[in-house]
>>> print(open('run-v2.txt').read())   # compact mmCIF, C-alpha atoms and all ligand atoms
# COMPACT_ATOMS: atom_id res chain seq x y z
CA MET A 1 19.90 -37.83 17.92
CA THR A 2 18.57 -35.48 15.26
CA LYS A 3 21.14 -34.38 12.76
CA LYS A 4 22.10 -30.74 12.46
CA ILE A 5 21.20 -29.74 8.94
CA ILE A 6 21.60 -26.16 7.83
CA ILE A 7 20.05 -24.44 4.81
CA SER A 8 19.64 -20.94 3.51
CA GLY A 9 18.76 -19.24 0.25
CA ILE A 10 19.42 -15.91 -1.39
CA GLN A 11 17.38 -14.42 -4.19
CA PRO A 12 19.23 -13.47 -7.37
CA THR A 13 17.80 -9.95 -7.34
CA GLY A 14 21.08 -8.13 -8.01
CA ASN A 15 24.47 -7.57 -6.47
CA LEU A 16 24.69 -8.47 -2.78
CA HIS A 17 24.67 -5.54 -0.37
CA ILE A 18 26.11 -5.18 3.11
CA GLY A 19 22.67 -5.98 4.60
CA ASN A 20 22.74 -9.38 2.89
CA TYR A 21 26.33 -9.78 4.00
CA LEU A 22 25.95 -8.96 7.71
CA GLY A 23 22.46 -10.47 7.97
CA ALA A 24 23.22 -13.67 6.11
CA VAL A 25 26.29 -14.41 3.98
CA LYS A 26 28.93 -13.64 6.62
CA ASN A 27 27.07 -16.00 8.93
CA PHE A 28 27.00 -18.71 6.21
CA VAL A 29 30.77 -18.50 5.85
CA ASP A 30 31.40 -18.55 9.62
CA ILE A 31 29.08 -21.53 10.11
CA GLN A 32 30.67 -23.32 7.14
CA ASN A 33 34.16 -22.79 8.53
CA GLN A 34 33.23 -23.86 12.06
CA GLY A 35 32.00 -27.10 10.50
CA ASP A 36 29.57 -27.95 13.31
CA PHE A 37 26.85 -29.61 11.17
CA ASP A 38 25.97 -32.86 9.46
CA ALA A 39 25.08 -31.14 6.18
CA MET A 40 24.86 -27.57 4.93
CA TYR A 41 23.14 -26.23 1.82
CA ILE A 42 23.18 -22.74 0.33
CA PHE A 43 21.09 -22.09 -2.73
CA ILE A 44 20.18 -19.32 -5.14
CA ALA A 45 16.42 -18.85 -4.78
CA ASP A 46 15.73 -18.21 -8.46
CA LEU A 47 12.14 -19.52 -8.34
CA HIS A 48 11.38 -17.10 -5.52
CA SER A 49 12.68 -14.22 -7.63
CA LEU A 50 9.87 -14.86 -10.14
CA THR A 51 7.52 -13.11 -7.68
CA GLY A 52 9.35 -9.84 -8.42
CA GLY A 53 9.88 -7.74 -11.50
CA LEU A 54 13.15 -8.92 -13.04
CA THR A 55 13.38 -9.60 -16.75
CA ALA A 56 14.47 -13.10 -17.84
CA LYS A 57 17.85 -11.75 -18.90
CA GLU A 58 18.41 -10.01 -15.57
CA ARG A 59 17.42 -13.13 -13.64
CA HIS A 60 19.71 -15.31 -15.72
CA GLU A 61 22.69 -12.99 -15.25
CA ASN A 62 22.00 -12.49 -11.57
CA ILE A 63 22.09 -16.22 -10.85
CA ILE A 64 25.70 -16.32 -12.07
CA LYS A 65 26.56 -13.04 -10.38
CA VAL A 66 25.17 -13.93 -6.95
CA THR A 67 26.86 -17.33 -7.12
CA ALA A 68 30.19 -15.64 -7.89
CA GLU A 69 29.60 -13.24 -5.02
CA VAL A 70 28.88 -15.89 -2.37
CA LEU A 71 31.98 -17.77 -3.58
CA ALA A 72 34.01 -14.55 -3.37
CA CYS A 73 32.73 -14.10 0.20
CA GLY A 74 34.26 -17.45 1.12
CA ILE A 75 31.58 -20.07 0.48
CA ASN A 76 33.44 -23.27 -0.41
CA PRO A 77 31.56 -25.81 -2.55
CA ASN A 78 33.81 -28.57 -1.23
CA LYS A 79 32.54 -28.00 2.29
CA ILE A 80 28.86 -27.32 1.62
CA THR A 81 26.33 -27.92 -1.16
CA LEU A 82 25.81 -24.83 -3.33
CA PHE A 83 23.08 -24.97 -5.96
CA ALA A 84 20.33 -23.12 -7.80
CA GLN A 85 16.80 -23.89 -6.55
CA SER A 86 15.33 -24.42 -10.04
CA HIS A 87 17.99 -27.00 -10.94
CA VAL A 88 16.59 -29.41 -8.36
CA VAL A 89 13.34 -31.12 -9.29
CA GLY A 90 10.88 -31.31 -6.41
CA HIS A 91 10.89 -27.89 -4.73
CA THR A 92 7.80 -26.68 -6.59
CA GLU A 93 5.98 -29.98 -6.12
CA LEU A 94 6.60 -29.99 -2.38
CA GLY A 95 5.67 -26.29 -2.35
CA TRP A 96 2.31 -27.18 -3.91
CA ILE A 97 1.71 -29.97 -1.39
CA PHE A 98 2.48 -27.46 1.37
CA ASP A 99 0.12 -24.89 -0.23
CA CYS A 100 -2.60 -27.44 0.39
CA VAL A 101 -1.96 -27.66 4.15
CA THR A 102 -1.32 -23.93 4.68
CA PRO A 103 -4.18 -21.71 5.91
CA ILE A 104 -4.48 -18.60 3.71
CA ALA A 105 -4.82 -16.51 6.87
CA GLU A 106 -1.28 -17.48 7.89
CA LEU A 107 0.04 -16.31 4.53
CA GLU A 108 -1.93 -13.09 4.61
CA ARG A 109 -0.46 -12.01 7.92
CA MET A 110 3.16 -12.22 6.67
CA THR A 111 4.87 -8.85 6.95
CA GLN A 112 6.91 -9.43 3.79
CA PHE A 113 3.74 -10.13 1.79
CA LYS A 114 2.14 -6.90 2.98
CA ASP A 115 5.34 -5.00 2.44
CA LYS A 116 6.02 -6.31 -1.07
CA SER A 117 2.35 -5.94 -2.07
CA SER A 118 2.49 -2.27 -1.18
CA ARG A 119 5.75 -1.83 -3.09
CA GLN A 120 4.64 -3.62 -6.26
CA GLU A 121 0.98 -2.66 -6.41
CA LYS A 122 0.71 -3.53 -10.10
CA ASN A 123 2.07 -7.03 -9.60
CA ILE A 124 0.44 -8.60 -6.54
CA ASN A 125 0.68 -12.12 -7.90
CA ALA A 126 -0.37 -15.34 -6.16
CA GLY A 127 3.29 -16.36 -5.84
CA LEU A 128 3.90 -13.39 -3.58
CA LEU A 129 1.29 -14.79 -1.20
CA THR A 130 2.28 -18.47 -1.33
CA TYR A 131 6.02 -17.69 -1.24
CA PRO A 132 6.45 -18.95 2.37
CA ALA A 133 5.05 -22.38 1.41
CA LEU A 134 7.74 -22.68 -1.28
CA MET A 135 10.32 -21.47 1.24
CA SER A 136 9.12 -24.16 3.68
CA ALA A 137 9.55 -26.70 0.88
CA ASP A 138 13.14 -25.50 0.29
CA ILE A 139 13.87 -25.99 3.97
CA LEU A 140 12.01 -29.22 4.75
CA MET A 141 13.09 -30.94 1.51
CA TYR A 142 16.47 -31.38 3.22
CA HIS A 143 15.04 -31.94 6.73
CA ALA A 144 16.85 -28.78 7.77
CA THR A 145 16.92 -28.04 11.49
CA HIS A 146 18.68 -24.65 11.32
CA VAL A 147 18.19 -21.69 8.98
CA PRO A 148 20.63 -18.76 9.10
CA VAL A 149 18.78 -15.66 7.84
CA GLY A 150 18.28 -12.00 8.66
CA GLU A 151 15.54 -10.74 10.96
CA ASP A 152 13.06 -10.16 8.11
CA GLN A 153 12.85 -13.92 7.48
CA ILE A 154 12.03 -15.04 11.06
CA GLN A 155 8.31 -15.06 10.37
CA HIS A 156 8.77 -17.34 7.38
CA VAL A 157 10.77 -19.84 9.40
CA GLU A 158 8.10 -19.78 12.10
CA LEU A 159 5.54 -20.54 9.43
CA THR A 160 7.76 -23.40 8.23
CA ARG A 161 7.34 -24.98 11.67
CA ILE A 162 3.58 -24.57 11.44
CA ILE A 163 3.47 -26.07 7.94
CA GLY A 164 5.71 -28.98 8.96
CA LYS A 165 3.44 -29.71 11.91
CA LYS A 166 0.30 -29.53 9.79
CA PHE A 167 1.82 -32.01 7.35
CA ASN A 168 2.98 -34.31 10.17
CA THR A 169 -0.47 -34.25 11.80
CA LYS A 170 -2.28 -34.98 8.57
CA PHE A 171 0.03 -37.51 6.95
CA GLY A 172 2.34 -38.86 9.67
CA LYS A 173 5.41 -37.59 11.47
CA TYR A 174 8.09 -36.86 8.92
CA PHE A 175 9.48 -33.32 9.05
CA PRO A 176 11.68 -31.93 11.85
CA GLU A 177 11.26 -28.62 13.69
CA THR A 178 13.31 -25.83 12.18
CA LYS A 179 14.98 -22.99 14.07
CA VAL A 180 16.36 -19.64 12.92
CA MET A 181 20.06 -18.91 13.46
CA LEU A 182 20.29 -15.13 13.74
CA THR A 183 23.46 -13.12 13.30
CA LYS A 184 24.70 -10.52 15.73
CA THR A 185 23.72 -7.85 13.20
CA ALA A 186 20.39 -9.06 11.98
CA ARG A 187 19.31 -5.74 10.49
CA VAL A 188 21.27 -3.18 8.52
CA MET A 189 19.40 0.05 7.85
CA SER A 190 19.12 2.12 4.67
CA LEU A 191 21.64 4.95 4.27
CA LEU A 192 19.02 7.45 3.15
CA GLU A 193 16.04 6.28 5.25
CA PRO A 194 17.66 4.77 8.33
CA ASN A 195 14.33 3.79 9.84
CA LYS A 196 13.87 1.25 7.01
CA LYS A 197 15.96 -1.87 6.41
CA MET A 198 18.61 -1.60 3.71
CA SER A 199 17.06 -3.00 0.57
CA LYS A 200 17.73 -2.84 -3.15
CA SER A 201 14.11 -2.01 -3.83
CA LEU A 202 14.49 1.38 -2.10
CA GLY A 203 17.03 2.51 -4.73
CA THR A 204 20.79 2.31 -5.22
CA GLY A 205 21.62 5.28 -2.97
CA HIS A 206 20.15 3.37 -0.03
CA VAL A 207 22.52 0.40 -0.22
CA ILE A 208 26.23 -0.31 -0.33
CA GLU A 209 26.91 -3.19 -2.66
CA LEU A 210 29.84 -5.48 -1.86
CA ALA A 211 31.10 -4.83 -5.38
CA ASP A 212 31.00 -1.03 -5.04
CA GLU A 213 34.37 0.62 -5.68
CA PRO A 214 35.75 2.79 -2.82
CA LYS A 215 34.85 6.01 -4.67
CA VAL A 216 31.24 4.86 -5.00
CA ILE A 217 31.09 3.84 -1.33
CA GLU A 218 32.45 7.23 -0.34
CA GLY A 219 29.88 9.06 -2.45
CA LYS A 220 26.97 7.07 -1.02
CA ILE A 221 28.09 7.39 2.61
CA LYS A 222 28.61 11.15 2.19
CA LYS A 223 24.90 11.42 1.46
CA ALA A 224 23.86 9.16 4.36
CA VAL A 225 21.27 10.72 6.65
CA THR A 226 22.52 11.48 10.18
CA ALA A 227 19.78 13.82 11.42
CA THR A 228 17.61 12.96 14.39
CA GLU A 229 13.87 13.23 14.32
CA GLY A 230 12.58 14.90 17.43
CA GLY A 231 15.69 14.39 19.56
CA GLY A 232 16.99 11.06 20.86
CA LYS A 233 19.50 8.84 19.13
CA ALA A 234 19.83 9.28 15.39
CA PRO A 235 19.19 5.93 13.69
CA GLY A 236 21.49 6.88 10.79
CA VAL A 237 24.39 7.53 13.17
CA GLU A 238 23.72 4.26 15.00
CA ASN A 239 23.80 2.45 11.66
CA LEU A 240 27.12 4.07 10.64
CA LEU A 241 28.66 3.24 14.03
CA MET A 242 27.48 -0.34 13.69
CA LEU A 243 29.13 -0.55 10.25
CA LEU A 244 32.36 0.85 11.66
CA ASN A 245 32.23 -1.73 14.46
CA GLU A 246 31.70 -4.54 11.94
CA PHE A 247 34.17 -3.52 9.26
CA GLY A 248 36.67 -1.21 10.93
CA ASP A 249 39.37 -1.17 13.50
CA LYS A 250 38.09 -1.64 17.08
CA LYS A 251 40.15 1.28 18.37
CA VAL A 252 38.75 3.68 15.79
CA TYR A 253 35.24 2.43 16.54
CA ASN A 254 35.71 2.99 20.28
CA GLU A 255 36.87 6.55 19.73
CA PHE A 256 33.84 7.44 17.64
CA SER A 257 31.49 5.60 19.95
CA GLN A 258 32.79 7.55 22.93
CA SER A 259 32.61 10.91 21.21
CA GLU A 260 29.05 10.13 20.19
CA LYS A 261 28.19 9.55 23.86
CA LYS A 262 29.90 12.79 24.83
CA GLY A 263 28.06 14.63 22.07
CA ASP A 264 31.10 15.93 20.20
CA ILE A 265 31.11 13.47 17.31
CA ARG A 266 31.87 14.90 13.86
CA TYR A 267 29.70 13.22 11.28
CA GLY A 268 32.05 14.07 8.40
CA ASP A 269 34.90 12.24 10.14
CA LEU A 270 32.66 9.30 11.03
CA LYS A 271 31.56 9.04 7.41
CA SER A 272 35.08 9.00 6.02
CA ALA A 273 36.14 6.40 8.62
CA VAL A 274 33.20 4.16 7.63
CA SER A 275 33.93 4.61 3.90
CA THR A 276 37.57 3.60 4.34
CA ALA A 277 36.67 0.64 6.55
CA VAL A 278 34.06 -0.77 4.14
CA GLY A 279 36.21 -0.14 1.04
CA ASP A 280 39.22 -1.92 2.61
CA TYR A 281 37.18 -4.80 4.01
CA PHE A 282 35.85 -5.79 0.57
CA LYS A 283 39.09 -5.22 -1.40
CA ASP A 284 39.87 -8.96 -1.71
CA PHE A 285 36.20 -9.67 -2.38
CA ARG A 286 36.20 -7.30 -5.37
CA GLU A 287 39.26 -8.98 -6.85
CA ARG A 288 37.98 -12.53 -6.38
CA ARG A 289 34.59 -11.54 -7.79
CA LYS A 290 36.18 -10.16 -10.94
CA GLU A 291 38.27 -13.29 -11.37
CA LEU A 292 35.29 -15.61 -10.88
CA LEU A 293 33.11 -13.65 -13.27
CA SER A 294 35.71 -14.03 -16.00
CA ASN A 295 34.83 -17.73 -16.18
CA HIS A 296 31.07 -18.35 -16.27
CA ASP A 297 31.59 -22.00 -17.23
CA GLU A 298 33.33 -22.73 -13.96
CA ILE A 299 30.45 -21.19 -12.00
CA ALA A 300 27.92 -23.19 -14.01
CA GLU A 301 29.87 -26.36 -13.24
CA ILE A 302 29.89 -25.62 -9.52
CA LEU A 303 26.11 -25.12 -9.60
CA MET A 304 25.55 -28.32 -11.58
CA ALA A 305 27.66 -30.39 -9.19
CA GLY A 306 25.77 -28.90 -6.23
CA ALA A 307 22.39 -29.61 -7.83
CA GLU A 308 23.37 -33.23 -8.36
CA LYS A 309 24.13 -33.68 -4.66
CA ALA A 310 20.95 -31.86 -3.61
CA GLN A 311 18.84 -33.83 -6.10
CA ALA A 312 19.81 -37.14 -4.50
CA VAL A 313 18.42 -35.92 -1.17
CA ALA A 314 15.35 -34.30 -2.75
CA ASP A 315 14.50 -37.52 -4.60
CA LYS A 316 14.41 -39.46 -1.34
CA THR A 317 12.20 -36.86 0.34
CA MET A 318 9.81 -36.66 -2.60
CA ASP A 319 9.57 -40.43 -2.82
CA SER A 320 8.44 -40.59 0.83
CA VAL A 321 6.18 -37.54 0.58
CA ARG A 322 4.38 -38.84 -2.52
CA ARG A 323 3.78 -42.13 -0.78
CA MET A 324 2.60 -40.41 2.42
CA VAL A 325 0.06 -38.20 0.63
CA GLY A 326 -1.13 -41.10 -1.51
CA ILE A 327 -0.11 -40.05 -4.99
CA ARG A 328 2.11 -43.01 -5.70
P1 LIG E 1 17.24 -11.50 -0.08
O1 LIG E 1 18.17 -10.75 -0.94
O2 LIG E 1 15.99 -10.78 0.24
O3 LIG E 1 17.05 -12.91 -0.58
O4 LIG E 1 17.96 -11.65 1.33
C1 LIG E 1 19.01 -12.54 1.54
C2 LIG E 1 19.35 -12.60 3.01
O5 LIG E 1 19.82 -11.32 3.44
C3 LIG E 1 18.18 -12.95 3.94
O6 LIG E 1 18.65 -13.85 4.94
C4 LIG E 1 17.78 -11.65 4.55
O7 LIG E 1 17.26 -11.80 5.84
C5 LIG E 1 19.11 -10.90 4.59
N1 LIG E 1 18.93 -9.43 4.52
C6 LIG E 1 18.42 -8.72 3.49
N2 LIG E 1 18.41 -7.39 3.77
C7 LIG E 1 18.93 -7.26 5.01
C8 LIG E 1 19.22 -6.14 5.87
N3 LIG E 1 18.97 -4.88 5.49
N4 LIG E 1 19.76 -6.39 7.07
C9 LIG E 1 20.04 -7.66 7.45
N5 LIG E 1 19.81 -8.75 6.70
C10 LIG E 1 19.27 -8.58 5.50
N1 LIG E 2 12.94 -15.79 1.41
C1 LIG E 2 14.37 -15.62 1.48
C2 LIG E 2 14.70 -14.14 1.25
O1 LIG E 2 13.98 -13.44 0.59
C3 LIG E 2 15.11 -16.48 0.48
C4 LIG E 2 14.81 -17.92 0.70
C5 LIG E 2 14.03 -18.70 -0.10
C6 LIG E 2 15.23 -18.72 1.79
N2 LIG E 2 13.98 -19.96 0.41
C7 LIG E 2 14.69 -20.03 1.56
C8 LIG E 2 16.03 -18.50 2.91
C9 LIG E 2 14.93 -21.08 2.45
C10 LIG E 2 16.25 -19.56 3.79
C11 LIG E 2 15.71 -20.84 3.56
O2 LIG E 2 15.71 -13.70 1.71
>>> encode(input="run-v2.txt", output="structure tokens", more="lines below")
Ligand code: AMP
Ligand code: TRP
Amino acid sequence: MTKKIIISGIQPTGNLHIGNYLGAVKNFVDIQNQGDFDAMYIFIADLHSLTGGLTAKERHENIIKVTAEVLACGINPNKITLFAQSHVVGHTELGWIFDCVTPIAELERMTQFKDKSSRQEKNINAGLLTYPALMSADILMYHATHVPVGEDQIQHVELTRIIGKKFNTKFGKYFPETKVMLTKTARVMSLLEPNKKMSKSLGTGHVIELADEPKVIEGKIKKAVTATEGGGKAPGVENLLMLLNEFGDKKVYNEFSQSEKKGDIRYGDLKSAVSTAVGDYFKDFRERRKELLSNHDEIAEILMAGAEKAQAVADKTMDSVRRMVGIR
């Protein structure tokens, strides 16, 4: 029987936001705690973040910060392997080998490529295009069968299957088929433009960071857009109700949900209920994060230990792959 191997990555682009949490990290923690897998890996995708505009200093600091944040969310390095992508030798080499079996047309049709190209017009680098081949390398390096990610990454996992098949056809059957594991809430919308997904690149007012203090959360949610465009359901209100359902008390959620259906919902009350729910939900997170960030050495040690475990697996894969493609 094929083993169940789970992997996912997060870019060190800044503090985690509730989109990352509901779309990915919460799922990682639930899967980890259910323990239904043969191996599970979570890594900080620092090489992927080179496609964006961070400075070296920002990237370096964010690697530590995001690691502290996933730990504060409940990731346990004794149960799973937690590492930084760049610490493991082999990802870029496998990424290159995959570049050479990936049709450019497949890369060009990726929504994220088009999206990011339009957002960083002055920096449409080759890495932005070949990104999914590196992501496939991250996944197939560990023979992963399941990838928990948010909706925006489905296309990349589909392409991973295509790339794996191309490799298998050309060089011999070696890589497994990989499936996405979606969360219940695969898409959290921006507070200010609720028809777009919540994303750091839209600006800080659009996102709630897990580390935001209650006052900050309140201020951002107060400004959240609740208006409808041309009648119908307001996406901003749907988004706030979804957040209340995820983070708040079920009874409170039901009351607001019913008054929304009846048409007598008061947005001000909804907003303060959501602010309280989110602020309370992440109270322990904020404390653990602070504690963890007071000891960078401990975080570095966790990452090093994780990289050592991952490297042992990567070495085996790369040994076989090099042989299969004829470079050893
Ligand atoms: P990134 O920060 O882009 O590396 O994203 C990390 C994870 O969070 C990925 O699995 C994404 O699919 C997920 N994610 C990012 N933004 C959102 C969002 N607004 N809603 C749901 N999931 C998201
Ligand atoms: N592309 C993912 C994102 O932007 C991050 C990522 C890189 C990833 N490699 C991966 C996710 C491998 C899952 C598996 O969110």
>>> residues_near_ligand(input="run-v2.txt", ligand="ligand LIG 2 (chain E)", cutoff="10 Å", atoms="only C-alpha atoms and all ligand atoms", output="PDB file with C-alpha atoms, keeping the file's coordinate frame")
ATOM      1  CA  ILE A   6      21.600 -26.160   7.830  1.00  0.00           C
ATOM      2  CA  ILE A   7      20.050 -24.440   4.810  1.00  0.00           C
ATOM      3  CA  SER A   8      19.640 -20.940   3.510  1.00  0.00           C
ATOM      4  CA  GLY A   9      18.760 -19.240   0.250  1.00  0.00           C
ATOM      5  CA  ILE A  10      19.420 -15.910  -1.390  1.00  0.00           C
ATOM      6  CA  GLN A  11      17.380 -14.420  -4.190  1.00  0.00           C
ATOM      7  CA  PRO A  12      19.230 -13.470  -7.370  1.00  0.00           C
ATOM      8  CA  THR A  13      17.800  -9.950  -7.340  1.00  0.00           C
ATOM      9  CA  ASN A  20      22.740  -9.380   2.890  1.00  0.00           C
ATOM     10  CA  GLY A  23      22.460 -10.470   7.970  1.00  0.00           C
ATOM     11  CA  ALA A  24      23.220 -13.670   6.110  1.00  0.00           C
ATOM     12  CA  TYR A  41      23.140 -26.230   1.820  1.00  0.00           C
ATOM     13  CA  ILE A  42      23.180 -22.740   0.330  1.00  0.00           C
ATOM     14  CA  PHE A  43      21.090 -22.090  -2.730  1.00  0.00           C
ATOM     15  CA  ILE A  44      20.180 -19.320  -5.140  1.00  0.00           C
ATOM     16  CA  ALA A  45      16.420 -18.850  -4.780  1.00  0.00           C
ATOM     17  CA  ASP A  46      15.730 -18.210  -8.460  1.00  0.00           C
ATOM     18  CA  LEU A  47      12.140 -19.520  -8.340  1.00  0.00           C
ATOM     19  CA  HIS A  48      11.380 -17.100  -5.520  1.00  0.00           C
ATOM     20  CA  SER A  49      12.680 -14.220  -7.630  1.00  0.00           C
ATOM     21  CA  GLN A  85      16.800 -23.890  -6.550  1.00  0.00           C
ATOM     22  CA  HIS A  91      10.890 -27.890  -4.730  1.00  0.00           C
ATOM     23  CA  GLN A 112       6.910  -9.430   3.790  1.00  0.00           C
ATOM     24  CA  TYR A 131       6.020 -17.690  -1.240  1.00  0.00           C
ATOM     25  CA  PRO A 132       6.450 -18.950   2.370  1.00  0.00           C
ATOM     26  CA  ALA A 133       5.050 -22.380   1.410  1.00  0.00           C
ATOM     27  CA  LEU A 134       7.740 -22.680  -1.280  1.00  0.00           C
ATOM     28  CA  MET A 135      10.320 -21.470   1.240  1.00  0.00           C
ATOM     29  CA  SER A 136       9.120 -24.160   3.680  1.00  0.00           C
ATOM     30  CA  ALA A 137       9.550 -26.700   0.880  1.00  0.00           C
ATOM     31  CA  ASP A 138      13.140 -25.500   0.290  1.00  0.00           C
ATOM     32  CA  ILE A 139      13.870 -25.990   3.970  1.00  0.00           C
ATOM     33  CA  LEU A 140      12.010 -29.220   4.750  1.00  0.00           C
ATOM     34  CA  ALA A 144      16.850 -28.780   7.770  1.00  0.00           C
ATOM     35  CA  HIS A 146      18.680 -24.650  11.320  1.00  0.00           C
ATOM     36  CA  VAL A 147      18.190 -21.690   8.980  1.00  0.00           C
ATOM     37  CA  PRO A 148      20.630 -18.760   9.100  1.00  0.00           C
ATOM     38  CA  VAL A 149      18.780 -15.660   7.840  1.00  0.00           C
ATOM     39  CA  GLY A 150      18.280 -12.000   8.660  1.00  0.00           C
ATOM     40  CA  GLU A 151      15.540 -10.740  10.960  1.00  0.00           C
ATOM     41  CA  ASP A 152      13.060 -10.160   8.110  1.00  0.00           C
ATOM     42  CA  GLN A 153      12.850 -13.920   7.480  1.00  0.00           C
ATOM     43  CA  ILE A 154      12.030 -15.040  11.060  1.00  0.00           C
ATOM     44  CA  HIS A 156       8.770 -17.340   7.380  1.00  0.00           C
ATOM     45  CA  VAL A 157      10.770 -19.840   9.400  1.00  0.00           C
ATOM     46  CA  THR A 160       7.760 -23.400   8.230  1.00  0.00           C
ATOM     47  CA  VAL A 180      16.360 -19.640  12.920  1.00  0.00           C
TER      48      VAL A 180
END
>>> closest_residue(input="run-v2.txt", among="A:Asn27, A:Thr130, A:Asn245, A:Asn123", to="ligand LIG 1 (chain E)", atoms="only C-alpha atoms and all ligand atoms")
A:Asn27
>>> atom_distance(input="run-v2.txt", atom1="CA of Arg289 (chain A)", atom2="CA of Val70 (chain A)")
9.0 Å
>>> atom_distance(input="run-v2.txt", atom1="atom O4 of ligand LIG 1 (chain E)", atom2="CA of Ile5 (chain A)")
19.9 Å
>>> atom_distance(input="run-v2.txt", atom1="CA of Ile18 (chain A)", atom2="CA of Ile31 (chain A)")
18.0 Å
>>> residues_around(input="run-v2.txt", residues="Gly172 (chain A)", least_positions_apart="6", cutoff="10 Å", atoms="all atoms listed in the file", output="tab-separated table (two decimals) with C-alpha atoms, in the frame of the given file")
chain	number	residue	atom	x	y	z
A	165	LYS	CA	3.44	-29.71	11.91
A	166	LYS	CA	0.30	-29.53	9.79
A	321	VAL	CA	6.18	-37.54	0.58
A	324	MET	CA	2.60	-40.41	2.42
A	325	VAL	CA	0.06	-38.20	0.63
>>> axis_aligned_box(input="run-v2.txt", around="region 22-33 of chain A", padding_each_side="5 Å", output="JSON")
{"center_x": 28.3, "center_y": -16.1, "center_z": 7.0, "size_x": 21.7, "size_y": 24.4, "size_z": 16.1}
>>> closest_residue(input="run-v2.txt", among="A:Ile97, A:Val278, A:Ala227, A:Leu107", to="Glu158 (chain A)", atoms="all atoms listed in the file")
A:Leu107
>>> residues_around(input="run-v2.txt", residues="region 187-199 of chain A", least_positions_apart="5", cutoff="9 Å", atoms="only C-alpha atoms", output="count of residues only")
28
>>> closest_residue(input="run-v2.txt", among="A:Val66, A:Ile265, A:Met1, A:Val313", to="ligand LIG 1 (chain E)", atoms="all atoms listed in the file")
A:Val66
>>> closest_residue(input="run-v2.txt", among="A:Arg328, A:Ile163, A:Arg59, A:Ile80", to="Pro103 (chain A)", atoms="all atoms listed in the file")
A:Ile163
